[in-house]
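Undergrad: Next comes start_37.cif, mmCIF, C-alpha atoms:
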```cif
data_run
loop_
_atom_site.label_atom_id
_atom_site.label_comp_id
_atom_site.auth_asym_id
_atom_site.auth_seq_id
_atom_site.Cartn_x
_atom_site.Cartn_y
_atom_site.Cartn_z
CA MET A 1 73.98 29.61 77.90
CA THR A 2 77.09 31.71 78.30
CA THR A 3 80.14 30.84 76.22
CA VAL A 4 83.56 31.16 77.85
CA GLY A 5 86.71 31.57 75.78
CA ILE A 6 89.79 30.06 77.40
CA ILE A 7 93.22 31.14 76.22
CA GLY A 8 95.61 28.49 77.49
CA ALA A 9 95.05 24.78 78.00
CA GLY A 10 97.57 23.95 80.71
CA HIS A 11 96.67 22.51 84.10
CA ILE A 12 94.67 25.55 85.24
CA GLY A 13 92.92 26.07 81.91
CA THR A 14 91.99 22.41 81.70
CA ALA A 15 90.60 22.32 85.24
CA LEU A 16 88.58 25.47 84.67
CA ALA A 17 87.24 24.14 81.37
CA ARG A 18 86.12 20.93 83.03
CA GLY A 19 84.43 22.76 85.88
CA LEU A 20 82.68 25.23 83.60
CA VAL A 21 81.37 22.50 81.33
CA ASP A 22 80.06 20.64 84.38
CA GLN A 23 78.22 23.83 85.38
CA GLY A 24 76.57 24.07 81.96
CA TYR A 25 78.74 26.65 80.24
CA ASP A 26 79.83 26.31 76.64
CA VAL A 27 83.62 26.41 76.44
CA VAL A 28 85.91 27.27 73.54
CA ILE A 29 89.47 26.40 74.55
CA SER A 30 92.75 27.16 72.80
CA ASN A 31 96.48 26.81 73.12
CA SER A 32 99.57 27.94 71.25
CA ARG A 33 99.99 24.67 69.36
CA GLY A 34 96.73 24.51 67.41
CA PRO A 35 93.21 23.14 67.90
CA ASP A 36 94.08 19.66 66.66
CA THR A 37 96.37 19.16 69.67
CA LEU A 38 93.32 19.50 71.92
CA ASP A 39 91.25 16.72 70.36
CA ASP A 40 91.69 14.36 73.31
CA LEU A 41 90.84 17.04 75.85
CA VAL A 42 87.72 18.15 74.01
CA ALA A 43 86.60 14.54 73.67
CA LYS A 44 86.83 14.19 77.45
CA LEU A 45 85.04 17.48 78.06
CA GLY A 46 82.10 16.51 75.87
CA SER A 47 79.71 18.25 73.54
CA LYS A 48 79.74 21.62 75.33
CA ALA A 49 83.43 22.15 74.53
CA ARG A 50 85.31 22.74 71.32
CA ALA A 51 88.87 23.63 70.40
CA ALA A 52 89.86 26.73 68.44
CA THR A 53 92.70 29.16 67.88
CA PRO A 54 93.28 31.78 70.59
CA ALA A 55 91.71 34.46 68.40
CA GLU A 56 88.66 32.28 67.74
CA ALA A 57 88.29 31.40 71.41
CA ALA A 58 88.58 35.07 72.37
CA ALA A 59 85.99 36.08 69.78
CA ALA A 60 83.57 33.31 70.75
CA GLY A 61 83.54 34.01 74.46
CA ASP A 62 81.01 36.24 76.17
CA TRP A 63 83.85 36.53 78.69
CA ALA A 64 87.26 34.94 78.76
CA ILE A 65 89.98 33.40 80.85
CA VAL A 66 93.64 34.09 80.07
CA THR A 67 95.81 31.39 81.60
CA VAL A 68 99.13 31.41 79.76
CA PRO A 69 102.70 31.81 81.01
CA LEU A 70 103.45 35.48 81.53
CA LYS A 71 106.19 35.31 78.90
CA ALA A 72 103.48 34.46 76.34
CA LEU A 73 101.28 37.45 77.17
CA GLY A 74 102.15 39.16 73.90
CA GLU A 75 100.47 36.33 72.00
CA VAL A 76 97.09 36.85 73.68
CA PRO A 77 94.57 38.31 71.19
CA VAL A 78 93.69 41.93 71.84
CA ASP A 79 90.97 43.04 69.44
CA GLU A 80 88.85 39.93 69.99
CA LEU A 81 88.78 40.56 73.75
CA ALA A 82 87.91 44.27 73.51
CA GLY A 83 84.90 45.14 75.64
CA LYS A 84 84.93 41.81 77.45
CA ILE A 85 85.71 40.77 81.00
CA VAL A 86 88.89 38.72 81.23
CA LEU A 87 89.82 36.61 84.24
CA ASP A 88 93.60 36.52 84.56
CA THR A 89 95.31 33.61 86.33
CA ASN A 90 98.86 34.83 85.74
CA ASN A 91 101.83 34.60 88.07
CA TYR A 92 105.38 35.79 87.59
CA TYR A 93 107.97 33.05 87.69
CA TRP A 94 111.19 34.70 86.60
CA GLU A 95 112.78 31.28 86.24
CA ARG A 96 110.29 30.56 83.44
CA ASP A 97 109.38 34.02 82.17
CA GLY A 98 112.76 35.74 82.31
CA ARG A 99 113.40 38.81 84.38
CA ILE A 100 110.83 41.61 84.05
CA ALA A 101 112.27 44.77 85.58
CA GLU A 102 108.92 46.41 86.36
CA LEU A 103 107.90 43.42 88.43
CA ASP A 104 111.28 42.96 90.07
CA GLU A 105 111.21 46.63 91.09
CA LYS A 106 107.60 46.35 92.37
CA LYS A 107 106.43 49.06 89.97
CA THR A 108 103.49 47.07 88.67
CA THR A 109 101.70 43.73 89.02
CA THR A 110 101.17 40.85 86.63
CA SER A 111 97.50 41.69 86.24
CA GLU A 112 98.33 45.31 85.47
CA LEU A 113 100.56 44.02 82.68
CA VAL A 114 97.63 41.97 81.37
CA GLN A 115 95.37 45.02 81.60
CA ARG A 116 97.95 47.10 79.72
CA HIS A 117 98.07 44.45 76.99
CA LEU A 118 94.26 44.40 76.84
CA PRO A 119 93.41 48.11 77.15
CA GLU A 120 89.79 47.73 76.03
CA SER A 121 89.07 44.72 78.27
CA LYS A 122 88.14 44.58 81.95
CA VAL A 123 90.69 42.39 83.72
CA ALA A 124 90.11 40.67 87.04
CA LYS A 125 92.69 38.58 88.92
CA ALA A 126 91.37 35.09 89.57
CA PHE A 127 92.50 31.51 90.25
CA ASN A 128 96.19 32.46 90.42
CA HIS A 129 96.71 31.33 94.01
CA ILE A 130 95.21 27.85 94.00
CA LEU A 131 96.78 24.64 92.73
CA ALA A 132 95.12 23.27 89.60
CA ALA A 133 94.41 19.99 91.38
CA ASP A 134 92.43 21.86 94.07
CA ILE A 135 90.11 23.75 91.73
CA LEU A 136 87.72 20.85 91.31
CA THR A 137 88.27 19.18 94.67
CA SER A 138 88.33 21.80 97.43
CA GLY A 139 85.12 23.78 96.82
CA ALA A 140 81.99 23.53 98.96
CA PRO A 141 78.40 24.80 98.89
CA ALA A 142 77.78 28.37 99.98
CA GLY A 143 77.39 28.68 103.73
CA THR A 144 79.57 25.67 104.52
CA PRO A 145 81.65 26.43 107.64
CA GLY A 146 85.28 26.97 106.72
CA ARG A 147 84.48 27.25 103.02
CA ARG A 148 87.65 27.94 101.09
CA ALA A 149 88.06 31.51 99.85
CA LEU A 150 89.91 32.96 96.89
CA ALA A 151 90.83 36.55 96.15
CA THR A 152 90.09 38.77 93.19
CA ALA A 153 91.19 42.25 92.21
CA SER A 154 90.04 44.52 89.40
CA ASP A 155 89.76 48.14 88.37
CA ALA A 156 86.25 47.36 87.06
CA PRO A 157 83.52 46.50 89.59
CA ASP A 158 81.59 44.33 87.14
CA ALA A 159 84.71 42.26 86.45
CA ALA A 160 85.18 41.66 90.18
CA GLU A 161 81.51 40.73 90.40
CA LEU A 162 81.92 38.16 87.63
CA ALA A 163 84.98 36.69 89.34
CA THR A 164 82.95 36.41 92.54
CA ALA A 165 80.12 34.61 90.72
CA VAL A 166 82.55 32.24 89.00
CA TYR A 167 84.27 31.47 92.29
CA ASP A 168 80.90 30.68 93.86
CA GLY A 169 80.12 28.31 91.00
CA PHE A 170 83.29 26.39 91.80
CA GLY A 171 82.47 26.37 95.50
CA PHE A 172 84.60 29.22 96.85
CA ASP A 173 83.96 32.39 98.82
CA THR A 174 85.54 35.60 97.56
CA VAL A 175 87.66 38.29 99.15
CA ASN A 176 88.05 41.40 96.99
CA VAL A 177 91.55 42.80 97.30
CA GLY A 178 90.61 46.03 95.51
CA ALA A 179 92.35 47.49 92.49
CA LEU A 180 94.72 45.59 90.20
CA HIS A 181 97.59 47.59 91.69
CA ASP A 182 96.97 45.77 94.99
CA SER A 183 96.82 42.29 93.46
CA TRP A 184 100.44 41.69 94.47
CA ARG A 185 99.06 40.71 97.88
CA VAL A 186 97.92 37.37 96.50
CA GLU A 187 100.90 36.65 94.27
CA ARG A 188 103.84 34.32 94.63
CA ASP A 189 105.75 34.28 97.94
CA GLN A 190 102.96 36.08 99.82
CA PRO A 191 101.12 34.50 102.79
CA ALA A 192 97.89 33.95 100.83
CA TYR A 193 99.55 32.11 97.95
CA VAL A 194 98.38 28.52 97.30
CA VAL A 195 97.28 27.80 100.86
CA ARG A 196 93.84 26.65 101.87
CA GLN A 197 92.08 29.42 103.81
CA ASP A 198 88.59 30.59 104.59
CA ALA A 199 87.54 34.21 104.06
CA ALA A 200 88.71 35.44 107.46
CA GLU A 201 92.05 33.68 107.10
CA LEU A 202 92.48 35.04 103.59
CA GLU A 203 91.79 38.58 104.75
CA ALA A 204 94.38 38.15 107.49
CA ASN A 205 96.94 36.76 105.06
CA LEU A 206 96.33 39.62 102.63
CA ALA A 207 96.92 42.08 105.46
CA ARG A 208 100.19 40.33 106.32
CA ALA A 209 101.54 40.63 102.77
CA THR A 210 104.72 42.63 102.34
CA HIS A 211 105.77 44.40 99.17
#
```
What does the file become when written as structure tokens?
TA:
Amino acid sequence: MTTVGIIGAGHIGTALARGLVDQGYDVVISNSRGPDTLDDLVAKLGSKARAATPAEAAAAGDWAIVTVPLKALGEVPVDELAGKIVLDTNNYYWERDGRIAELDEKKTTTSELVQRHLPESKVAKAFNHILAADILTSGAPAGTPGRRALATASDAPDAAELATAVYDGFGFDTVNVGALHDSWRVERDQPAYVVRQDAAELEANLARATH
């Protein structure tokens, strides 16, 4: 079975780890404080999960999830993620991350910053616009009327395809925004951000976004 490396064990990382384990994936999860601080979490997740350092989690994963505060992006392993698809859950909260001129001036997006940090990886935006508490509670089987939809964006088609498959596993439809440069449409303060919406509503909200 596929192994997923998770860099970041906050609310989003924990919810994703739990959902992936429930779907049969092997999960290697990490944080900035050391594997021993994740003993309780791993015990709850069960035998398909283990704790590791970020570098070890990145190396172990067939693909990876980066879910750390944007200000900690520089600590994300680079070499160990080379050649791999990385799902990026990042958002820019200047109150937490400090001011980043490129983002304030709308010259780039958070996911483009992640892609720049990981030049040999294939980054796809995912799970950035849903509350952690909703990840495991608001999904539904494919074909369910009004099924919740989430957006992805990537410069690599296979990364967007993986994000779509992962979303489906959690019970969500997918709307592909396009390239990473357009991922701002699903970021903070935009109409599609952290609201429940089906695919048609998400497409409409993405179209309403203003830069």
Undergrad: For the file shown, what are the residues hit by the PyMOL selection byres ((chain A and resi 94) around 12), laid out as a PyMOL selection string?
TA: chain A and resi 69-71+91-93+95-104+110+188
Undergrad: With the cut-off set at 12 Å and counting only C-alpha atoms, tabulate each residue of segment 81-134 of chain A with an atom at most that distance from an atom of segment 18-22 of chain A, showing the nearest atom pair and its distance in Å to one decimal, ordered by chain and increasing number, as a Markdown table.
TA:
```
| residue | atom | partner | partner_atom | distance |
| --- | --- | --- | --- | --- |
| A:Ala132 | CA | A:Gly19 | CA | 11.3 |
| A:Ala133 | CA | A:Gly19 | CA | 11.7 |
| A:Asp134 | CA | A:Gly19 | CA | 11.5 |
```
Undergrad: Identify which of the residues A:Glu161, A:Glu112, A:Asp88, A:Asp155 lies closest to Phe127 of chain A, counting only C-alpha atoms when measuring atom-to-atom distances.
TA: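 Ranked by minimum distance to Phe127 of chain A, first place goes to A:Asp88.
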Undergrad: Which one of A:Ala51, A:Val166, A:Leu131, A:Leu45 sits closest to Trp63 of chain A if you count all atoms listed in the file?
TA: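 Closest to Trp63 of chain A, using all atoms listed in the file: A:Val166.
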Undergrad: Can you tell me, as a ChimeraX atom specification, which residues sit within 12 Å of (99.6, 31.0, 98.6) in the file's frame, using all atoms listed in the file?
TA: /A:91,127-131,149-151,184-197,201-202,205-206,209
Undergrad: Could you tell me, as a list in words, exactly which residues end up selected when the PyMOL selection byres ((chain A and resi 35) around 12) is applied to this structure?
TA: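 This file gives the following for the PyMOL selection byres ((chain A and resi 35) around 12): Ile7, Gly8, Ala9, Val28, Ile29, Ser30, Asn31, Ser32, Arg33, Gly34, Asp36, Thr37, Leu38, Asp39, Asp40, Leu41, Val42, Ala49, Arg50, Ala51, Ala52, Thr53, Pro54, Ala55, Glu56 and Ala57 of chain A.
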Undergrad: Using all atoms listed in the file for the distances, tell me which of A:Leu16, A:Leu118, A:Val66, A:Val4 is nearest to Phe170 of chain A.
TA: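 Ranking A:Leu16, A:Leu118, A:Val66, A:Val4 by distance to Phe170 of chain A, first place goes to A:Leu16.
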Undergrad: So how far away is atom CA of Gly83 of chain A from atom CA of Lys122 of chain A, in Å?
TA: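 That distance, rounded to one decimal, is 7.1 Å.
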Undergrad: Using atom CA of Leu87 of chain A and atom CA of Leu180 of chain A as the two end points, give the distance in Å to one decimal.
TA: 11.8 Å
Undergrad: One number please: atom CA of Asp173 of chain A to atom CA of Ala126 of chain A, in Å, one decimal.
TA: 12.2 Å
Undergrad: Need a file for segment 39-79 of chain A from that block: C-alpha atoms, written as a PDB file, in the first residue's frame.
TA:
```pdb
ATOM      1  CA  ASP A  39       3.543   9.221  20.582  1.00  0.00           C
ATOM      2  CA  ASP A  40      -0.037   9.818  21.704  1.00  0.00           C
ATOM      3  CA  LEU A  41      -1.215  10.666  18.200  1.00  0.00           C
ATOM      4  CA  VAL A  42       0.428   7.628  16.646  1.00  0.00           C
ATOM      5  CA  ALA A  43      -1.058   5.409  19.334  1.00  0.00           C
ATOM      6  CA  LYS A  44      -4.512   6.684  18.391  1.00  0.00           C
ATOM      7  CA  LEU A  45      -3.857   6.275  14.676  1.00  0.00           C
ATOM      8  CA  GLY A  46      -2.808   2.650  15.064  1.00  0.00           C
ATOM      9  CA  SER A  47      -0.346   0.309  13.443  1.00  0.00           C
ATOM     10  CA  LYS A  48      -0.413   1.923   9.991  1.00  0.00           C
ATOM     11  CA  ALA A  49       1.096   5.154  11.335  1.00  0.00           C
ATOM     12  CA  ARG A  50       4.474   6.028  12.747  1.00  0.00           C
ATOM     13  CA  ALA A  51       6.234   9.213  13.782  1.00  0.00           C
ATOM     14  CA  ALA A  52       9.495  10.443  12.277  1.00  0.00           C
ATOM     15  CA  THR A  53      11.513  13.561  11.602  1.00  0.00           C
ATOM     16  CA  PRO A  54      10.380  15.740   8.675  1.00  0.00           C
ATOM     17  CA  ALA A  55      13.269  14.459   6.552  1.00  0.00           C
ATOM     18  CA  GLU A  56      12.411  10.848   7.370  1.00  0.00           C
ATOM     19  CA  ALA A  57       8.722  11.386   6.652  1.00  0.00           C
ATOM     20  CA  ALA A  58       9.555  13.069   3.348  1.00  0.00           C
ATOM     21  CA  ALA A  59      11.896  10.244   2.360  1.00  0.00           C
ATOM     22  CA  ALA A  60       9.433   7.517   3.354  1.00  0.00           C
ATOM     23  CA  GLY A  61       6.462   8.869   1.438  1.00  0.00           C
ATOM     24  CA  ASP A  62       5.563   7.812  -2.081  1.00  0.00           C
ATOM     25  CA  TRP A  63       3.912  11.234  -2.050  1.00  0.00           C
ATOM     26  CA  ALA A  64       3.664  13.842   0.654  1.00  0.00           C
ATOM     27  CA  ILE A  65       1.550  16.471   2.326  1.00  0.00           C
ATOM     28  CA  VAL A  66       3.112  19.725   3.512  1.00  0.00           C
ATOM     29  CA  THR A  67       0.897  21.324   6.134  1.00  0.00           C
ATOM     30  CA  VAL A  68       3.040  23.744   8.126  1.00  0.00           C
ATOM     31  CA  PRO A  69       2.661  27.471   8.806  1.00  0.00           C
ATOM     32  CA  LEU A  70       3.957  29.435   5.847  1.00  0.00           C
ATOM     33  CA  LYS A  71       6.620  31.020   8.043  1.00  0.00           C
ATOM     34  CA  ALA A  72       8.081  27.522   8.554  1.00  0.00           C
ATOM     35  CA  LEU A  73       8.342  26.719   4.845  1.00  0.00           C
ATOM     36  CA  GLY A  74      12.125  27.012   4.923  1.00  0.00           C
ATOM     37  CA  GLU A  75      12.276  24.036   7.292  1.00  0.00           C
ATOM     38  CA  VAL A  76      10.514  21.680   4.873  1.00  0.00           C
ATOM     39  CA  PRO A  77      12.970  19.077   3.501  1.00  0.00           C
ATOM     40  CA  VAL A  78      13.874  19.609  -0.141  1.00  0.00           C
ATOM     41  CA  ASP A  79      16.071  16.747  -1.331  1.00  0.00           C
TER      42      ASP A  79
END
```
